[in-house]
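Asker: Below is one structure. I have some questions about it.
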Amino acid sequence: MKAFALYLLCSLALFGATASNFKETRYLFALDKNVTLEGFITFGEQNIIIEYVKPESKVLTYFEEKLTIQDQNGYRAVDAQSMPSLNYFFMIIKAVHDENSVLLDSFFDTTTKGDETLLIPKGVAAEVLEEVRIVRQAKKLKSLQVKIKNGDRITIEILD
Amino acid sequence: MKFWTKTLNIALFTFVGVLFFFYQNSVHVSTNLLSFLPEGKSKEAFEIYSHFKNSKEVLIATEGFDKDSLAKIKTIEEKLLASNLLKLESSIAPNAKLIEYTKNNAFYLKNLNKDDSVGIHETLKALYEKMTHNPYYTTIDASDPLGYFSPKEQKIPINIRDGHLALGDFGYLSVLSIKDTSNTIESYEKIYTLVHKELASIDKVRVFSPTFYFVENSQKIQDDVTFLIVLSTILLIVLYIFIIKNIYLLINTIATLATSALLSFLLIGMIWSEVSVFVLAFGNAIGTLAIDYMFHYYFYGHYERKKKFNTSVFYGFLTTFGGFLIFVWVDFPLIQQVCVFAMISLVLSYLQFVFLFPLIGFKKAQPYTKFHVSIPLPYRAIALLSLLAIVLSIPFIKLDTNIKNLDYQNTTLMKEEKFFKDAIKKEGFMPLLIEADSIDELIVHSNTIQKSFKNATAPLSYFFDKSFYEQRKKALEALHLNERKAQIEEEATKLGFRAGFFKNAYSEALLYPNYQELSLEQLREMGFDVAFKEGKYYTYALVKNSDRNVVTQFTFASSIDAKEMFFNALQKIAHQLLLGGIVAITFIVFMLWMVCRKTIALSSSFVLLPTALILLFALMGTFTIAHIFMLFIMMLFGIDYGIYMSSEDSFKDGTRSAIFFSIIDTFAGFGVLVFSDIGALHAMGLVSCLATVAILVLLMGRKR
């Protein structure tokens with residue numbers, strides 16, 4: 001019921017905000033393999049909604065550090081706090097979109113050159129992440145690359 | 001010779017004043033009511049717990065989960081940490097020592113799931129599927145590919161938003177601990193001033209620390225006591241000017257009362273390392289009792305010409321002194337301090353008023369008014385009805401054992417405390433002090449508490465003891481994980497995992513680490529609250545208030561609860577109080593019989609009517625130990641008046657006026673306590689007001 005209410009809330013948010021077409025590439029070190037996903041990403045005031053269309057249709061909603069997944073099996077919630085890498089991933093996306101420099105500065109040393117910003121993790125973030133690279137175009141997020149300490153890489157490219 | 005006699009009192013006052021000036025700082029006045037409870041296990045537990053950082057955290061929350069709110073909380077943290085007085089406890093990352101310990105002992109710190117029903121191939125395949133098909137990025141634990149280990153459940157979950165601790169839905173939260181472990185009011189004041197100074201210009205922020213009670217209550221209590229002393233002193237001076245009309249006598253009287261109070265203060269400061277501020281308020285009022293002796297001697301004309309020794313006044317003094325002497329044996333430092341202060345003060349004042357003042361000599365002036373009212377009163381009926389009311393009301397009186405009702409009611413801070421506790425979900429939890437002979441045993445006890453109570457949080461249960469280590473080691477050996485490593489590698493490669501990815505899975509170092517007995521320093525470095533005192537180790541746990549009764553079955557745990565501590569203290573002294581009460585009542589009866597045998601109905605009514613009124617009043621509201629104590633004091637006051645009124649001279653103008661003024665000044669001394677915001681003083685003031693009114697009514701009467 002709670003998940004459904006959340007979904008309704010997110011659906012309403014989708015109408016109010018603009019969705020961006022994106023492509024996500026995950027390099028999984030353990031498998032030495034790339035996994036590619038495509039879909040739309042929408043930034044709400046309190047949430048992030050990712051609607052994957054390829055390879056499968058799934059909707060992810062990140063709201064208050066909780067992740068809700070909607071797929072052919074229905075809804076399920078995942079506590080992102082129990083997965084540090086995932087939690088950082090969403091935290092970074094949200095902070096970059098919101099231009100929340102306080103949040104970024106508390107976990108990273110930031111260097112900006114032109115449109116590219118390099119984030120070097122510090123403190124607890126350095127236990128999980130290696131580096132984060134953000135590229136903006138006309139102040140809008142163009143791409144984001146996250147290097148994880150376990151050898152994995154996540155790259156997000158905004159296509160429009 | 002005459003000059004020296006006349007100035008002796010002032011010289012004495014000057015001498016004591018100088019002593020006070022030089023030695024006043026050596027007497028430590030405390031506003032903390034808990035310091036004056038009887039010694040015992042509960043008080044000791046309270047004392048040990050008060051050194052734990054958990055007992056004196058500073059909680060700060062900024063409203064909202066936006067950029068501004070996050071910036072605010074970060075700035076606050078930065079500024080407060082720069083002072084070097086506070087330490088951040090809400091960092092979302094555990095400290096390096098704990099991370100290292102956790103990594104090395106991961107297989108012993110997590111829950112072990114021994115379910116082997118799913119084969120290696122299936123388990124690894126499921127991992128592969130998760131990584132490639134989960135819509136969210138999924139990582140796997142390469143050291144435990146078969147998923148034998150799962151993290152322990154957090155009973156009070158940590159809420160994190162945007163990489164910062166969050167307080168429910170309110171906003172971001174910072175938890176800071178005080179670096180200084182001295183637990184002094186000065187240390188708390190420094191933190192209080194620092195925090196409030198930094199937060200002064202920031203809006204939408206809430207703050208609370210249990211240490212703030214000490215600072216704010218201390219200031220409020222000091223202000224309250226100062227107000228009471230000033231109010232009482234002004235009232236009394238005005239009254240004395242009005243009654244005595246002899247400035248020279250007034251100056252000498254004030255000098256005598258001040259000498260007695262200051263000397264008593266210094267003397268009790270020599271007996272106790274801490275003197276309660278309540279003693280000062282009560283001590284000031286005691287002076288009003290002592291001045292009765294002066295009134296009688298003055299209005300009898302003892303200071304004008306030599307007269308025979310006034311036995312009524314002596315018996316009055318003796319009964320009051322005797323009453324305090326009876327209660328001084330009650331093993332309750334606050335009561336003892338009040339009694340000793342009163343006894344010293346009364347003796348000094350009595351000696352000066354009775355033996356020194358007649359030597360100085362004061363001319364009697366007619367007061368502005370005389371007490372003429374005299375209406376016939378049925379004293380016998382009053383005494384009998386009062387006795388009946390006392391007997392009938394006693395079984396229905398309920399003693400209020402909540403110490404908070406004796407202290408200052410800081411409602412603003414109490415509201416903040418509730419707000420934070422509700423949001424952190426700590427409301428309704430009670431701390432327990434866990435005691436053990438070794439750290440290993442402390443960990444065993446913490447685990448016992450954690451397992452015994454569904455909602456308990458025992459921080460040290462994070463660790464394992466030697467016996468658990470042996471058991472887990474055996475359980476791991478039984479799984480033969482070493483032998484399965486090759487199969488894991490083979491299956492994983494077949495499924496598409498990188499070759500050698502699981503080479504470190506179930507390593508010897510993780511499966512069989514050396515058992516490391518933790519030291520006090522190691523635990524502290526890892527951020528845990530542990531203490532060592534007189535050969536015993538201590539830590540704490542939090543359990544639900546509703547589990548209070550179950551806690552008693554664990555001999556190694558004591559609850560940290562001011563209410564319970566006070567209740568235990570009261571239970572401990574209950575028989576002493578009862579015995580003191582019986583002795584006091586016997587003493588009163590004895591004095592009535594010895595001194596007022598002929599006027600027994602009249603004299604006893606001065607004890608019975610106030611007692612009956614107070615007990616009847618108690619049926620309507622709370623009745624604390626402060627009420628009981630003051631009730632006994634008022635019974636002793638009552639008998640003074642009973643003795644004075646039993647005298648054949650009592651209906652003479654001067655004597656009647658002296659008695660009347662005595663009760664008015666008792667009202668000015670003790671009655672003003674009713675204006676206090678401190679529960680104990682308010683209770684004393686209320687009881688004295690009721691008693692004073694009753695005695696005043698009786699004073700208006702005459703035998704029919």
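Chain identifiers are assigned as A, B, and so on, following the order in which chains appear in the structure tokens; residues are numbered from 1 within each chain, and ligands are numbered from 1 in order of appearance.
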Please extract the residues of stretch 72-139 of chain A with a backbone DSSP assignment of helix (DSSP H, G or I) and present them as a PyMOL selection string.
Answerer: chain A and resi 80-82+84-98+101-107+123-127
Asker: For the residues in the current selection, export C-alpha atoms as a PDB file, in the first residue's frame.
Answerer:
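Result written to part24.pdb:
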```pdb
ATOM      1  CA  ALA A  80      19.653   1.834  -0.216  1.00  0.00           C
ATOM      2  CA  GLN A  81      21.437   2.557   3.069  1.00  0.00           C
ATOM      3  CA  SER A  82      22.382  -1.090   3.346  1.00  0.00           C
ATOM      4  CA  PRO A  84      26.866   1.900   0.267  1.00  0.00           C
ATOM      5  CA  SER A  85      27.824   1.946  -3.439  1.00  0.00           C
ATOM      6  CA  LEU A  86      24.226   2.320  -4.553  1.00  0.00           C
ATOM      7  CA  ASN A  87      23.570   4.920  -1.911  1.00  0.00           C
ATOM      8  CA  TYR A  88      26.556   7.007  -3.015  1.00  0.00           C
ATOM      9  CA  PHE A  89      25.535   6.654  -6.616  1.00  0.00           C
ATOM     10  CA  PHE A  90      22.110   8.178  -6.025  1.00  0.00           C
ATOM     11  CA  MET A  91      23.467  10.728  -3.581  1.00  0.00           C
ATOM     12  CA  ILE A  92      25.953  11.955  -6.194  1.00  0.00           C
ATOM     13  CA  ILE A  93      23.363  12.127  -8.986  1.00  0.00           C
ATOM     14  CA  LYS A  94      21.009  14.094  -6.762  1.00  0.00           C
ATOM     15  CA  ALA A  95      23.730  16.436  -5.481  1.00  0.00           C
ATOM     16  CA  VAL A  96      25.000  17.120  -9.005  1.00  0.00           C
ATOM     17  CA  HIS A  97      21.513  17.846 -10.272  1.00  0.00           C
ATOM     18  CA  ASP A  98      20.656  20.058  -7.288  1.00  0.00           C
ATOM     19  CA  SER A 101      28.034  21.815  -3.325  1.00  0.00           C
ATOM     20  CA  VAL A 102      27.778  21.397   0.476  1.00  0.00           C
ATOM     21  CA  LEU A 103      26.906  17.749   0.062  1.00  0.00           C
ATOM     22  CA  LEU A 104      29.568  17.135  -2.596  1.00  0.00           C
ATOM     23  CA  ASP A 105      32.228  18.992  -0.614  1.00  0.00           C
ATOM     24  CA  SER A 106      31.590  16.901   2.463  1.00  0.00           C
ATOM     25  CA  PHE A 107      32.502  13.712   0.604  1.00  0.00           C
ATOM     26  CA  GLY A 123      36.721  10.089   4.362  1.00  0.00           C
ATOM     27  CA  VAL A 124      34.101   7.388   4.352  1.00  0.00           C
ATOM     28  CA  ALA A 125      33.389   7.806   0.620  1.00  0.00           C
ATOM     29  CA  ALA A 126      36.997   6.902  -0.143  1.00  0.00           C
ATOM     30  CA  GLU A 127      36.327   3.470   1.349  1.00  0.00           C
TER      31      GLU A 127
END
```
Asker: Excluding A:Lys23 and residues on its chain fewer than 4 positions from it, collect all residues at most 8 Å away from it, counting only C-alpha atoms, and give them as a list in words.
Answerer: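 Neighbouring residues, sequence-local ones excluded: Thr36, Leu37, Glu38, Gly39, Ile156, Glu157, Ile158 and Leu159 of chain A.
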Asker: Produce a file of the selected residues containing N, CA and C atoms, as a PDB file, in the first residue's frame.
Answerer:
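What ended up in again10.pdb:
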```pdb
ATOM      1  N   THR A  36      24.387  -2.647 -20.404  1.00  0.00           N
ATOM      2  CA  THR A  36      23.888  -1.349 -20.864  1.00  0.00           C
ATOM      3  C   THR A  36      22.380  -1.250 -20.659  1.00  0.00           C
ATOM      4  N   LEU A  37      21.978  -0.125 -20.135  1.00  0.00           N
ATOM      5  CA  LEU A  37      20.549   0.110 -19.900  1.00  0.00           C
ATOM      6  C   LEU A  37      20.188   1.472 -20.490  1.00  0.00           C
ATOM      7  N   GLU A  38      18.970   1.613 -20.926  1.00  0.00           N
ATOM      8  CA  GLU A  38      18.521   2.904 -21.468  1.00  0.00           C
ATOM      9  C   GLU A  38      17.156   3.256 -20.923  1.00  0.00           C
ATOM     10  N   GLY A  39      16.916   4.545 -20.837  1.00  0.00           N
ATOM     11  CA  GLY A  39      15.613   4.952 -20.322  1.00  0.00           C
ATOM     12  C   GLY A  39      15.520   6.451 -20.113  1.00  0.00           C
ATOM     13  N   ILE A 156      26.906   7.297 -16.956  1.00  0.00           N
ATOM     14  CA  ILE A 156      25.560   7.739 -17.364  1.00  0.00           C
ATOM     15  C   ILE A 156      25.728   8.862 -18.381  1.00  0.00           C
ATOM     16  N   GLU A 157      25.089   8.710 -19.511  1.00  0.00           N
ATOM     17  CA  GLU A 157      25.143   9.770 -20.528  1.00  0.00           C
ATOM     18  C   GLU A 157      23.733  10.277 -20.781  1.00  0.00           C
ATOM     19  N   ILE A 158      23.587  11.572 -20.705  1.00  0.00           N
ATOM     20  CA  ILE A 158      22.279  12.160 -20.992  1.00  0.00           C
ATOM     21  C   ILE A 158      22.228  12.388 -22.501  1.00  0.00           C
ATOM     22  N   LEU A 159      21.224  11.827 -23.112  1.00  0.00           N
ATOM     23  CA  LEU A 159      21.219  11.843 -24.573  1.00  0.00           C
ATOM     24  C   LEU A 159      20.513  13.053 -25.199  1.00  0.00           C
TER      25      LEU A 159
END
```
Asker: Just list as a PyMOL selection string whatever in stretch 144-181 of chain B DSSP marks as strand (DSSP E or B).
Answerer: chain B and resi 149-150+160-161+164-167+171-178
Asker: Just want the 6 Å neighbourhood of stretch 673-682 of chain B, counted on only C-alpha atoms, with same-chain residues fewer than 6 positions away dropped. Output as an MDAnalysis selection string.
Answerer: chainID B and resid 405:408 626
Asker: B:Asp465: which residues within 10 Å, counting only C-alpha atoms, same-chain residues fewer than 4 positions away excluded, as a PyMOL selection string?
Answerer: chain B and resi 439-445+447+461+469-470+515-518
Asker: Pick from B:Ser519, B:Thr31, B:Ser646, B:Thr14: nearest to B:Glu274, with only C-alpha atoms counted?
Answerer: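 For B:Glu274, the nearest of the candidates is B:Thr31.
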Asker: Find the residues in chain B near chain A: any atom within 9 Å counts, using only C-alpha atoms. Write them as a PyMOL selection string.
Answerer: chain B and resi 65-68+70-71+74+92-94+128+131-133+135-140+142+159-164+496-499+501-502
Asker: Distance atom CA of B:Phe15-atom CA of B:Leu325, one decimal place?
Answerer: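 That distance, rounded to one decimal, is 27.6 Å.
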Asker: I want to know what sits within 12 Å of B:Asp400, based on only C-alpha atoms, with residues of the same chain fewer than 2 positions away left out; could you give that as a ChimeraX atom specification?
Answerer: /B:397-398,402-406,563-564,566-567,570,618-619,621-628,679-680,683
Asker: What's around B:Leu520 at 8 Å? Count only C-alpha atoms, leave out sequence neighbours fewer than 5 positions away in its own chain, and write the answer as a PyMOL selection string.
Answerer: chain B and resi 439+530-532
Asker: For C-alpha atoms, I'd like the residues from the last selection saved as an mmCIF file, in the first residue's frame.
Answerer:
```
data_model
loop_
_atom_site.group_PDB
_atom_site.id
_atom_site.type_symbol
_atom_site.label_atom_id
_atom_site.label_comp_id
_atom_site.auth_asym_id
_atom_site.auth_seq_id
_atom_site.Cartn_x
_atom_site.Cartn_y
_atom_site.Cartn_z
ATOM 1 C CA ILE B 439 35.700 -7.094 29.578
ATOM 2 C CA VAL B 530 33.185 1.538 28.987
ATOM 3 C CA ALA B 531 34.427 2.353 32.468
ATOM 4 C CA PHE B 532 36.614 0.708 35.076
#
```
Asker: Applying 12 Å and only C-alpha atoms, which residues near A:Lys113 remain after dropping the ones on its own chain fewer than 5 positions away? List them as JSON, numbers by chain.
Answerer: {"A": [118, 119, 133, 134, 135, 136]}
Asker: From the set B:Gly669, B:Pro431, B:Gly701, B:Pro378, which residue has the shortest atom-to-atom contact distance to B:Ala281, counting only C-alpha atoms?
Answerer: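 Among the listed residues, B:Gly669 lies closest to B:Ala281.
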Asker: Between A:Thr68, A:Thr155, A:Thr42, A:Thr18, which one has atoms that come closest to A:Lys142, using only C-alpha atoms?
Answerer: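 Checking each candidate against A:Lys142, we get A:Thr155 as the closest.
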Asker: Could you check how far atom CA of B:Ile695 sits from atom CA of B:Tyr298, in Å to one decimal?
Answerer: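 That distance, rounded to one decimal, is 21.6 Å.
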Asker: Just checking: using only C-alpha atoms, which residue out of B:Val225, B:Asp141, B:Glu153, B:Val330 ends up closest to B:Val279?
Answerer: B:Val225
Asker: One decimal, Å: what's the distance from atom CA of B:Arg305 over to atom CA of B:Thr5, could you say?
Answerer: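 The value is 15.5 Å.
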